[in-house]
Amino acid sequence: MSSTAQLLDGKALANSLQTELMQQVQVLQVHMGRPPGLAVLMVGDNPASAAYVRNKERACANVGIASFGQHFPATATQVELEQAIATLNRDDRVDGILVQLPLPDHLDAVALLNQIEPSKDADGLHPVNLGRLVRGEPGLRSCTPAGVMRLLEAYKVNLKGQQAVVIGRSILVGKPQALMLLEADATVTIAHSRTPDLGAIARTADVLVVAVGRPALITAEMVKPGAIVVDVGMNRVTDATGKARLVGDVDFASVQPIAKMITPVPGGIGPMTVAMLLQNTVLSYRER
């Protein structure tokens, strides 16, 4: 057991990656005659989504990516959004398109994501790009799990032969995360809310990735001593004084003394997700 786990500092790495991307954009723009472009489509006034979009637009400005974001009222129709995506698909200034999730209940998110041109799919969620991930072919990768892999790589975590457990099975994180870990030669188990004795499964993990959206789900007794713990959760909770704060899916205070490495929340995977979104946009720009 370590006295305290090493922090996997996603914020510092994301800042470094943004600097690298800015330098690439400065060179490429001379040849392209324009900056890379990213369009983020947001529907409604979800405060968390609005904050995410602001962070993405700020990061775009830092790197030199032009923003073509559009904000629709909560009453926007499926047809309106599909038409907006079709226009962006044809727009040569736009290299990446992202639909900010979650969407209002009356909209079909999957149908909208499928409308995005795969080469402009900045979130890496189009079936073509997910299929390329399954086949191990190059393509745009889902941002959050790609950010996890880049962070582990930066801290020289050798995944070959390691037991990796992913808790969560969403198409946004859990499923692509498992495929990426498998591609890195880890032996992968996927668990979720219906898994019997979740703690017993989690304790087998040399590398534990948690992405379920439940505050403090993973506690000390569910973690193998010396494990590497990656907390993808981002939950807003209110304390007894009424003050809101962000916490992860892992009970950080109890797990940190047991783990070998751990991501903080905030400052871990969140900044890496944004960095990978920018990287996907620049990659699409370069390919174009």
# chains A, B, ... in the order shown; residues from 1 in each chain; ligands from 1
>>> residues_around(residues="A:Asn89", least_positions_apart="3", cutoff="12 Å", atoms="only C-alpha atoms", output="ChimeraX atom specification")
/A:37-39,82-86,92-98,114-121
>>> write_last_selection(atoms="C-alpha atoms", output="PDB file, in the first residue's frame")
ATOM      1  CA  GLY A  37     -12.865  24.949 -37.690  1.00  0.00           C
ATOM      2  CA  LEU A  38     -15.020  23.274 -35.038  1.00  0.00           C
ATOM      3  CA  ALA A  39     -18.813  23.547 -34.766  1.00  0.00           C
ATOM      4  CA  GLU A  82     -30.433  17.668 -39.192  1.00  0.00           C
ATOM      5  CA  GLN A  83     -30.491  20.608 -41.626  1.00  0.00           C
ATOM      6  CA  ALA A  84     -27.847  22.432 -39.554  1.00  0.00           C
ATOM      7  CA  ILE A  85     -25.613  19.355 -39.585  1.00  0.00           C
ATOM      8  CA  ALA A  86     -26.070  18.933 -43.352  1.00  0.00           C
ATOM      9  CA  ASP A  92     -15.270  23.668 -46.169  1.00  0.00           C
ATOM     10  CA  ARG A  93     -14.329  25.883 -43.207  1.00  0.00           C
ATOM     11  CA  VAL A  94     -15.540  23.248 -40.730  1.00  0.00           C
ATOM     12  CA  ASP A  95     -13.324  20.250 -39.912  1.00  0.00           C
ATOM     13  CA  GLY A  96     -15.119  19.002 -36.799  1.00  0.00           C
ATOM     14  CA  ILE A  97     -18.782  18.815 -35.748  1.00  0.00           C
ATOM     15  CA  LEU A  98     -19.971  17.943 -32.249  1.00  0.00           C
ATOM     16  CA  ASN A 114     -25.298   9.446 -37.611  1.00  0.00           C
ATOM     17  CA  GLN A 115     -25.928  12.498 -39.825  1.00  0.00           C
ATOM     18  CA  ILE A 116     -22.421  13.857 -39.191  1.00  0.00           C
ATOM     19  CA  GLU A 117     -19.898  13.230 -41.967  1.00  0.00           C
ATOM     20  CA  PRO A 118     -17.519  10.596 -40.430  1.00  0.00           C
ATOM     21  CA  SER A 119     -14.425  12.629 -41.365  1.00  0.00           C
ATOM     22  CA  LYS A 120     -15.864  15.575 -39.373  1.00  0.00           C
ATOM     23  CA  ASP A 121     -17.011  13.486 -36.392  1.00  0.00           C
TER      24      ASP A 121
END
>>> select_by_dssp(residues="stretch 94-156 of chain A", states="alpha helix (DSSP H)", output="list of chain:residue names")
A:Ala109, A:Val110, A:Ala111, A:Leu112, A:Leu113, A:Asn114, A:Gln115, A:Pro127, A:Val128, A:Asn129, A:Leu130, A:Gly131, A:Arg132, A:Leu133, A:Val134, A:Arg135, A:Cys143, A:Thr144, A:Pro145, A:Ala146, A:Gly147, A:Val148, A:Met149, A:Arg150, A:Leu151, A:Leu152, A:Glu153, A:Ala154
>>> closest_residue(among="A:Thr187, A:Thr77, A:Thr219, A:Thr4", to="A:Ser254", atoms="only C-alpha atoms")
A:Thr219
>>> residues_around(residues="A:Pro266", least_positions_apart="6", cutoff="10 Å", atoms="only C-alpha atoms", output="list in words")
Asp9, Gly10, Lys11, Asp231, Val232, Gly233, Met234, Asn235, Arg245, Leu246, Val247 and Gly248 of chain A
>>> atom_distance(atom1="atom CA of A:His126", atom2="atom CA of A:Thr281")
14.6 Å
>>> residues_around(residues="A:Gln279", least_positions_apart="5", cutoff="9 Å", atoms="only C-alpha atoms", output="list in words")
Leu17, Gln18, Leu21, Ala122, Val274 and Ser284 of chain A
>>> write_last_selection(atoms="C-alpha atoms", output="PDB file, in the first residue's frame")
ATOM      1  CA  LEU A  17      -1.027  19.157 -25.705  1.00  0.00           C
ATOM      2  CA  GLN A  18      -2.819  22.421 -26.482  1.00  0.00           C
ATOM      3  CA  LEU A  21      -1.573  21.723 -31.287  1.00  0.00           C
ATOM      4  CA  ALA A 122     -14.982  15.321 -33.737  1.00  0.00           C
ATOM      5  CA  VAL A 274     -11.303  18.696 -24.401  1.00  0.00           C
ATOM      6  CA  SER A 284      -9.384  16.100 -39.589  1.00  0.00           C
TER       7      SER A 284
END
>>> select_by_dssp(residues="stretch 136-215 of chain A", states="strand (DSSP E or B)", output="list of chain:residue names")
A:Gln163, A:Ala164, A:Val165, A:Val166, A:Ile167, A:Thr187, A:Val188, A:Thr189, A:Ile190, A:Ala191, A:Val207, A:Leu208, A:Val209, A:Val210
>>> closest_residue(among="A:Ala178, A:Leu13, A:Met222, A:Val212", to="A:Ala275", atoms="only C-alpha atoms")
A:Leu13
>>> residues_around(residues="stretch 157-169 of chain A", least_positions_apart="2", cutoff="8 Å", atoms="only C-alpha atoms", output="MDAnalysis selection string")
chainID A and resid 152:155 171 173:175 177:178 181 184:193 201:202 204:212
>>> closest_residue(among="A:Met149, A:Leu112, A:Ala66, A:Pro176", to="A:Arg135", atoms="only C-alpha atoms")
A:Pro176
>>> residues_around(residues="A:Thr273", least_positions_apart="6", cutoff="7 Å", atoms="only C-alpha atoms", output="number ranges by chain")
A: 143-144, 147
>>> write_last_selection(atoms="all heavy atoms", output="CSV table (one decimal), in the first residue's frame")
chain,number,residue,atom,x,y,z
A,143,CYS,N,-13.5,10.9,-27.6
A,143,CYS,CA,-12.5,11.8,-26.9
A,143,CYS,C,-12.2,11.4,-25.5
A,143,CYS,O,-11.0,11.4,-25.1
A,143,CYS,CB,-13.1,13.2,-26.9
A,143,CYS,SG,-13.3,13.9,-28.5
A,144,THR,N,-13.2,11.0,-24.7
A,144,THR,CA,-12.9,10.7,-23.3
A,144,THR,C,-12.0,9.5,-23.1
A,144,THR,O,-10.9,9.6,-22.4
A,144,THR,CB,-14.2,10.6,-22.4
A,144,THR,OG1,-14.9,11.9,-22.5
A,144,THR,CG2,-13.9,10.3,-21.0
A,147,GLY,N,-8.6,10.3,-24.2
A,147,GLY,CA,-7.9,11.1,-23.2
A,147,GLY,C,-7.3,10.2,-22.1
A,147,GLY,O,-6.2,10.5,-21.6
